[in-house]
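Structure record follows, encoded as structure tokens.
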Amino acid sequence: MKQEIKRRISLLRSFMKEEGVSAFITPSTDPHSGEYTPEHWESRKWISGFTGSAGTAVITSDKGGVWTDSRFFLQAEDQLKDTGLILFKDRLPDTLSIPEWLGSVLQPGDKVGIDGWVNTTAEAEALAKELHAFGLELKVVNDPYEKLWTDRPSIPVNPIFILPVEFTGKTVAEKLQEIRKRIAQHQADGVLISALDEIAWTLNLRGNDVHCNPVFVSYLLITHNKVTLYITPQKLTAEVQDYLKTNGIETKPYDDVVCDLGNYLEKSIQMSDNTNYFLYTTMRPDVRIIRTASPVSFLKAVKNETEIRGFRNAMHRDGIAMVRFLRWIKEAVKSGKETEMSVDEKLYGFRATHPYFKGISFDTIAGYQEHGAIVHYEATQESASTLKPDGLLLLDSGAQYLDGTTDITRTIVLGPLTEAQKKDYTLVLKGFINLSMAVFPHGTCGTQLDILARQAMWKEGINYGHGTGHGVGHFLNVHEGPHQIRMNHVPAMMLPGMTITNEPGIYKAGEYGIRHENTMIVTEAIKTEFGPFYRLDPLTLCPIDKEGIIESMLSPEEKKWFNDYHTRVYNELAPDLTPEEQEWLKAATTAI
């Protein structure tokens with residue numbers, strides 16, 4: 001495979017020479033700015049051999065590298081070895097940015113190529129400005145992989161399906177009314193929606209075009225009197241066609257969006273900075289483009305009562321599956337036959353018994369001991385470790401149900417731990433609990449809450465490189481914005497009805513990884529003369545392994561939260577468990 005990667009890079013360099021560019025940048029995204037993309041747009045994986053979900057490959061005439069974040073450092077280092085590509089550890093102080101590196105290896109006047117379809121407008125503009133500072137010019141070229149990737153997967157044509165209002169809580173008409181109200185507030189005549197989860201949410205439709213994410217490849221153009229869905233016709237069943245017609249939605253072939261934007265008849269249009277650069281530059285100069293966040297982004301993030309009820313039901317059944325799994329695993333590993341892959345399959349089986357189950361929400365991370373330190377580790381037949389009654393298993397998993405999406409991490413104690421493991425386990429738990437106990441005023445963003453999860457480990461000189469929390473879609477993408485909890489500034493406010501994960505961690509390379517994670521929902525706490533205050537209510541219902549805890553490290557307040565949470569887990573799950581399962585859960589949730 002390493003030789004094949006070198007061959008592919010050679011082909012790209014020939015293309016670059018033909019196009020007159022001295023470098024070409026390949027991001028991980030698709031024309032819809034998706035975090036997870038259909039295979040058709042997995043060009044960065046194809047050209048570099050690095051299979052992580054986030055990263056950017058940059059190839060020059062004689063050099064190359066891949067920029068990725070700390071979640072993938074270990075994985076990328078292994079996969080890039082002997083390919084001629086260098087790993088650049090993104091976001092570290094000593095790592096050059098892509099423009100800085102290109103400025104150091106190219107000559108003033110050189111051109112840097114990108115494909116406008118897979119780069120957002122904001123990214124392309126920022127890149128052009130940064131390159132200009134080094135005397136370099138950004139050039140938009142045709143997608144090289146259309147020519148070079150001879151067995152490239154086609155754009156998916158999987159059929160889409162209707163998600164009934166009993167799950168969505170709002171009709172398409174109600175959602176369109178809200179969207180048009182937001183558009184009018186920005187004095188726009190229309191809006192282009194390109195994010196796939198936003199289109200699915202707006203139309204109460206779901207699909208199967210992206211692994212683990214129930215979305216479908218399309219664009220949606222909404223004006224004050226018309227709605228057009230651009231989609232491959234083969235994806236539309238007779239039922240969906242009738243449904244769209246009933247809701248007054250016109251359909252056109254996917255590629256027609258280019259022509260229609262070029263001939264847009266209204267005076268103004270709202271576009272997100274995440275709209276791909278090609279479509280942005282398609283607009284006529286006399287059309288006023290209003291650059292602001294998609295109106296769907298916040299509307300989708302704040303869940304309605306039906307969605308919240310669905311989340312709670314989904315988390316309840318997911319908790320039942322997790323209890324059955326946790327009860328099974330500690331005995332099962334004593335056989336010496338269980339692996340990281342087999343336990344993943346076992347958990348899948350527990351979840352799949354419910355008729356609302358529609359698959360996993362992301363590829364399970366089952367990392368035993370040193371594999372737990374690889375933040376986005378995915379076991380393969382070659383890499384899967386055999387589990388032993390010793391040490392730690394980090395298990396990060398989730399499911400898609402018709403009424404909600406789940407995301408949970410539990411670090412499971414399979415046997416004796418070192419004192420260092422116990423200390424780190426408890427430090428992570430302290431951060432997890434302190435964020436869970438947060439009460440904060442209206443106007444707070446996730447960045448302001450992030451320190452609560454990190455403070456205990458910071459005092460020990462420990463940190464983690466990933467974000468602390470992300471939104472979770474309603475039977476949609478497991479990663480949802482605009483709100484996040486992370487160190488770098490994300491200004492989106494945390495509002496009641498928003499789901500958010502809580503997942504601090506500690507990772508010791510070559511030794512072990514520890515992460516605790518619940519999905520939570522922002523709810524109202526109190527209202528005073530200083531305004532409304534909010535709190536985080538756990539949606540996830542699952543015991544946290546007590547065997548790794550050094551109880552003396554927890555404050556009385558932290559112990560109370562932990563015990564109260566476990567009481568809730570038992571009271572809510574026990575009625576749906578067998579007597580034997582109830583007995584196990586009772587022991588797992590006794591007070592510390």
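Every chain in the structure tokens has a letter given in the order shown (A, B, ...), and although residue numbers restart at 1 in each chain, ligands are simply numbered from 1 in the order shown.
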Please produce, as a Markdown table, a per-residue contact table for region 456-544 of chain A versus region 412-426 of chain A (criterion: any atom at most 10 Å away, only C-alpha atoms considered), showing the nearest atom pair and its distance in Å to one decimal, sorted by chain then residue number.
| residue | atom | partner | partner_atom | distance |
| --- | --- | --- | --- | --- |
| A:Ala456 | CA | A:Thr426 | CA | 9.5 |
| A:Met457 | CA | A:Asp424 | CA | 8.2 |
| A:Glu460 | CA | A:Asp424 | CA | 9.8 |
| A:Ile462 | CA | A:Asp424 | CA | 9.3 |
| A:Gly505 | CA | A:Tyr425 | CA | 8.6 |
| A:Ile506 | CA | A:Asp424 | CA | 6.7 |
| A:Tyr507 | CA | A:Asp424 | CA | 9.0 |
| A:Lys508 | CA | A:Gln421 | CA | 9.6 |
| A:Glu511 | CA | A:Gln421 | CA | 9.4 |
| A:Tyr512 | CA | A:Gln421 | CA | 8.0 |
| A:Gly513 | CA | A:Gln421 | CA | 9.0 |
| A:Ile514 | CA | A:Tyr425 | CA | 6.2 |
| A:Arg515 | CA | A:Tyr425 | CA | 8.0 |
| A:His516 | CA | A:Tyr425 | CA | 8.8 |
| A:Ile544 | CA | A:Ile412 | CA | 8.2 |
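Excluding Pro159 (chain A) and any residue on its chain fewer than 4 positions from it, the residues at most 9 Å away by only C-alpha atoms are Gly207, Asn208, Asp209, Phe216, Gln234, Lys235, Leu236 and Thr237 of chain A.
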For the helix (DSSP H, G or I) assignment from backbone DSSP, which residues of region 30-271 of chain A qualify? Please present them as JSON, numbers by chain.
{"A": [39, 40, 41, 43, 44, 45, 46, 47, 48, 70, 71, 72, 73, 74, 75, 76, 77, 78, 79, 80, 98, 99, 100, 101, 102, 103, 104, 105, 116, 117, 118, 121, 122, 123, 124, 125, 126, 127, 128, 129, 130, 131, 132, 145, 146, 147, 148, 165, 166, 167, 168, 172, 173, 174, 175, 176, 177, 178, 179, 180, 181, 182, 183, 184, 185, 196, 197, 198, 199, 200, 201, 202, 203, 233, 234, 235, 238, 239, 240, 241, 242, 243, 244, 245, 246, 256, 257, 258, 259, 260, 261, 262]}
Just want the 10 Å neighbourhood of Val140 (chain A), counted on only C-alpha atoms, with same-chain residues fewer than 4 positions away dropped. Output as a PyMOL selection string.
chain A and resi 19+21+24+111-117+119+124+277-278
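Nearest-residue note for Gln241 (chain A): choosing from A:Ile162, A:Ala509, A:Cys259, A:Leu573, the minimum distance belongs to A:Ile162, counting only C-alpha atoms.
Between CA of Ile549 (chain A) and CA of Ser383 (chain A) the separation is 29.3 Å.
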Could you tell me how far CA of Phe475 (chain A) lies from CA of Arg324 (chain A), in Å and to one decimal?
23.2 Å
Could you give me, as a count of residues only, the residues within 9 Å of region 520-531 of chain A, counting only C-alpha atoms and dropping anything in the same chain fewer than 4 positions from it?
21
What are the closest atom pairs, with distances in Å to one decimal, for each residue of region 330-429 of chain A lying within 12 Å of region 195-206 of chain A, using only C-alpha atoms, rows by chain and rising residue number, as a Markdown table?
| residue | atom | partner | partner_atom | distance |
| --- | --- | --- | --- | --- |
| A:Lys358 | CA | A:Arg206 | CA | 11.1 |
| A:Gln400 | CA | A:Arg206 | CA | 11.7 |
| A:Tyr401 | CA | A:Arg206 | CA | 11.9 |
| A:Leu402 | CA | A:Arg206 | CA | 9.8 |
For Met16 (chain A), please output as an MDAnalysis selection string all residues within 12 Å (counting only C-alpha atoms; exclusion window: fewer than 3 positions along the same chain).
chainID A and resid 9:13 19:25 58:62 110:115 139:145 148
How would the residues just picked look written out with N, CA, C and O atoms as a CSV table (one decimal), in the first residue's frame?
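File selection31.csv, as written:
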chain,number,residue,atom,x,y,z
A,9,ILE,N,0.6,9.8,-5.6
A,9,ILE,CA,1.1,11.1,-5.4
A,9,ILE,C,1.8,11.5,-6.7
A,9,ILE,O,1.8,12.7,-7.1
A,10,SER,N,2.5,10.6,-7.3
A,10,SER,CA,3.2,10.9,-8.6
A,10,SER,C,2.1,11.3,-9.7
A,10,SER,O,2.4,12.2,-10.5
A,11,LEU,N,1.0,10.7,-9.7
A,11,LEU,CA,-0.1,11.0,-10.6
A,11,LEU,C,-0.6,12.4,-10.4
A,11,LEU,O,-0.8,13.2,-11.3
A,12,LEU,N,-0.7,12.8,-9.1
A,12,LEU,CA,-1.2,14.1,-8.7
A,12,LEU,C,-0.2,15.1,-9.1
A,12,LEU,O,-0.6,16.2,-9.6
A,13,ARG,N,1.1,14.8,-9.0
A,13,ARG,CA,2.1,15.8,-9.4
A,13,ARG,C,2.1,16.1,-10.9
A,13,ARG,O,2.3,17.2,-11.3
A,19,GLU,N,-1.8,21.8,-14.6
A,19,GLU,CA,-2.6,22.9,-14.2
A,19,GLU,C,-1.8,24.2,-13.9
A,19,GLU,O,-2.3,25.2,-13.6
A,20,GLY,N,-0.5,24.0,-13.8
A,20,GLY,CA,0.4,25.1,-13.5
A,20,GLY,C,0.4,25.5,-12.0
A,20,GLY,O,0.5,26.7,-11.7
A,21,VAL,N,0.2,24.5,-11.1
A,21,VAL,CA,0.3,24.8,-9.7
A,21,VAL,C,1.4,24.0,-9.1
A,21,VAL,O,1.8,22.9,-9.5
A,22,SER,N,2.0,24.7,-8.1
A,22,SER,CA,3.2,24.1,-7.5
A,22,SER,C,2.9,23.3,-6.2
A,22,SER,O,3.7,22.6,-5.6
A,23,ALA,N,1.6,23.4,-5.8
A,23,ALA,CA,1.1,22.6,-4.7
A,23,ALA,C,-0.4,22.4,-4.8
A,23,ALA,O,-1.1,23.2,-5.5
A,24,PHE,N,-0.9,21.3,-4.2
A,24,PHE,CA,-2.3,21.1,-4.2
A,24,PHE,C,-2.7,20.6,-2.8
A,24,PHE,O,-2.1,19.8,-2.2
A,25,ILE,N,-3.8,21.2,-2.4
A,25,ILE,CA,-4.4,21.0,-1.0
A,25,ILE,C,-5.6,20.1,-1.1
A,25,ILE,O,-6.6,20.5,-1.8
A,58,VAL,N,-1.3,18.0,1.8
A,58,VAL,CA,-0.7,19.0,0.9
A,58,VAL,C,0.5,18.4,0.2
A,58,VAL,O,1.4,17.9,0.8
A,59,ILE,N,0.4,18.5,-1.1
A,59,ILE,CA,1.4,17.9,-2.0
A,59,ILE,C,2.1,19.0,-2.8
A,59,ILE,O,1.4,19.8,-3.4
A,60,THR,N,3.4,19.0,-2.8
A,60,THR,CA,4.2,19.9,-3.7
A,60,THR,C,4.9,19.0,-4.7
A,60,THR,O,4.7,17.8,-4.8
A,61,SER,N,5.7,19.6,-5.6
A,61,SER,CA,6.4,18.9,-6.6
A,61,SER,C,7.4,17.9,-6.1
A,61,SER,O,7.7,16.9,-6.7
A,62,ASP,N,7.9,18.1,-4.8
A,62,ASP,CA,8.8,17.1,-4.3
A,62,ASP,C,8.7,16.9,-2.8
A,62,ASP,O,9.5,16.1,-2.2
A,110,ASP,N,4.6,31.4,-7.0
A,110,ASP,CA,4.0,30.0,-7.2
A,110,ASP,C,2.5,30.0,-6.9
A,110,ASP,O,2.1,30.8,-6.1
A,111,LYS,N,1.8,29.1,-7.6
A,111,LYS,CA,0.4,29.0,-7.4
A,111,LYS,C,0.1,27.7,-6.6
A,111,LYS,O,0.7,26.7,-6.8
A,112,VAL,N,-0.9,27.8,-5.7
A,112,VAL,CA,-1.4,26.7,-4.9
A,112,VAL,C,-2.8,26.4,-5.3
A,112,VAL,O,-3.7,27.2,-5.3
A,113,GLY,N,-3.0,25.1,-5.7
A,113,GLY,CA,-4.3,24.7,-6.2
A,113,GLY,C,-5.2,24.1,-5.1
A,113,GLY,O,-4.8,23.5,-4.2
A,114,ILE,N,-6.5,24.4,-5.3
A,114,ILE,CA,-7.6,23.8,-4.5
A,114,ILE,C,-8.7,23.5,-5.4
A,114,ILE,O,-8.9,24.0,-6.5
A,115,ASP,N,-9.6,22.5,-5.0
A,115,ASP,CA,-10.9,22.3,-5.7
A,115,ASP,C,-11.9,23.1,-5.0
A,115,ASP,O,-12.2,22.8,-3.8
A,139,LYS,N,-5.2,29.2,-6.6
A,139,LYS,CA,-5.8,29.0,-7.9
A,139,LYS,C,-6.8,27.9,-7.7
A,139,LYS,O,-6.5,26.8,-7.2
A,140,VAL,N,-8.1,28.1,-8.1
A,140,VAL,CA,-9.1,27.1,-8.1
A,140,VAL,C,-9.0,26.3,-9.4
A,140,VAL,O,-9.0,26.8,-10.5
A,141,VAL,N,-8.8,25.0,-9.3
A,141,VAL,CA,-8.7,24.1,-10.4
A,141,VAL,C,-9.8,23.0,-10.4
A,141,VAL,O,-10.5,22.8,-9.4
A,142,ASN,N,-9.9,22.2,-11.4
A,142,ASN,CA,-10.9,21.1,-11.5
A,142,ASN,C,-10.4,20.0,-10.5
A,142,ASN,O,-9.3,19.9,-10.1
A,143,ASP,N,-11.4,19.3,-10.0
A,143,ASP,CA,-11.1,18.2,-9.1
A,143,ASP,C,-10.2,17.2,-9.8
A,143,ASP,O,-10.6,16.5,-10.7
A,144,PRO,N,-9.0,17.0,-9.3
A,144,PRO,CA,-8.0,16.1,-10.0
A,144,PRO,C,-8.4,14.7,-9.8
A,144,PRO,O,-8.1,13.8,-10.7
A,145,TYR,N,-9.2,14.3,-8.8
A,145,TYR,CA,-9.5,12.9,-8.5
A,145,TYR,C,-10.5,12.4,-9.5
A,145,TYR,O,-10.7,11.1,-9.6
A,148,LEU,N,-7.8,11.0,-11.8
A,148,LEU,CA,-6.8,10.2,-11.3
A,148,LEU,C,-7.3,8.9,-10.6
A,148,LEU,O,-6.7,7.9,-10.7
Selection: 8 Å around Lys226 (chain A), only C-alpha atoms, excl. self and same-chain fewer than 6 positions, as a PyMOL selection string:
chain A and resi 248-250
File of the preceding selection, N, CA and C atoms, as a PDB file, in the first residue's frame:
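Generated file (out_6.pdb):
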ATOM      1  N   GLY A 248     -45.296  21.105  -1.210  1.00  0.00           N
ATOM      2  CA  GLY A 248     -44.968  22.221  -2.083  1.00  0.00           C
ATOM      3  C   GLY A 248     -43.503  22.365  -2.407  1.00  0.00           C
ATOM      4  N   ILE A 249     -42.785  21.243  -2.424  1.00  0.00           N
ATOM      5  CA  ILE A 249     -41.347  21.272  -2.668  1.00  0.00           C
ATOM      6  C   ILE A 249     -41.050  20.728  -4.059  1.00  0.00           C
ATOM      7  N   GLU A 250     -40.447  21.552  -4.886  1.00  0.00           N
ATOM      8  CA  GLU A 250     -40.051  21.151  -6.228  1.00  0.00           C
ATOM      9  C   GLU A 250     -38.737  20.376  -6.163  1.00  0.00           C
TER      10      GLU A 250
END
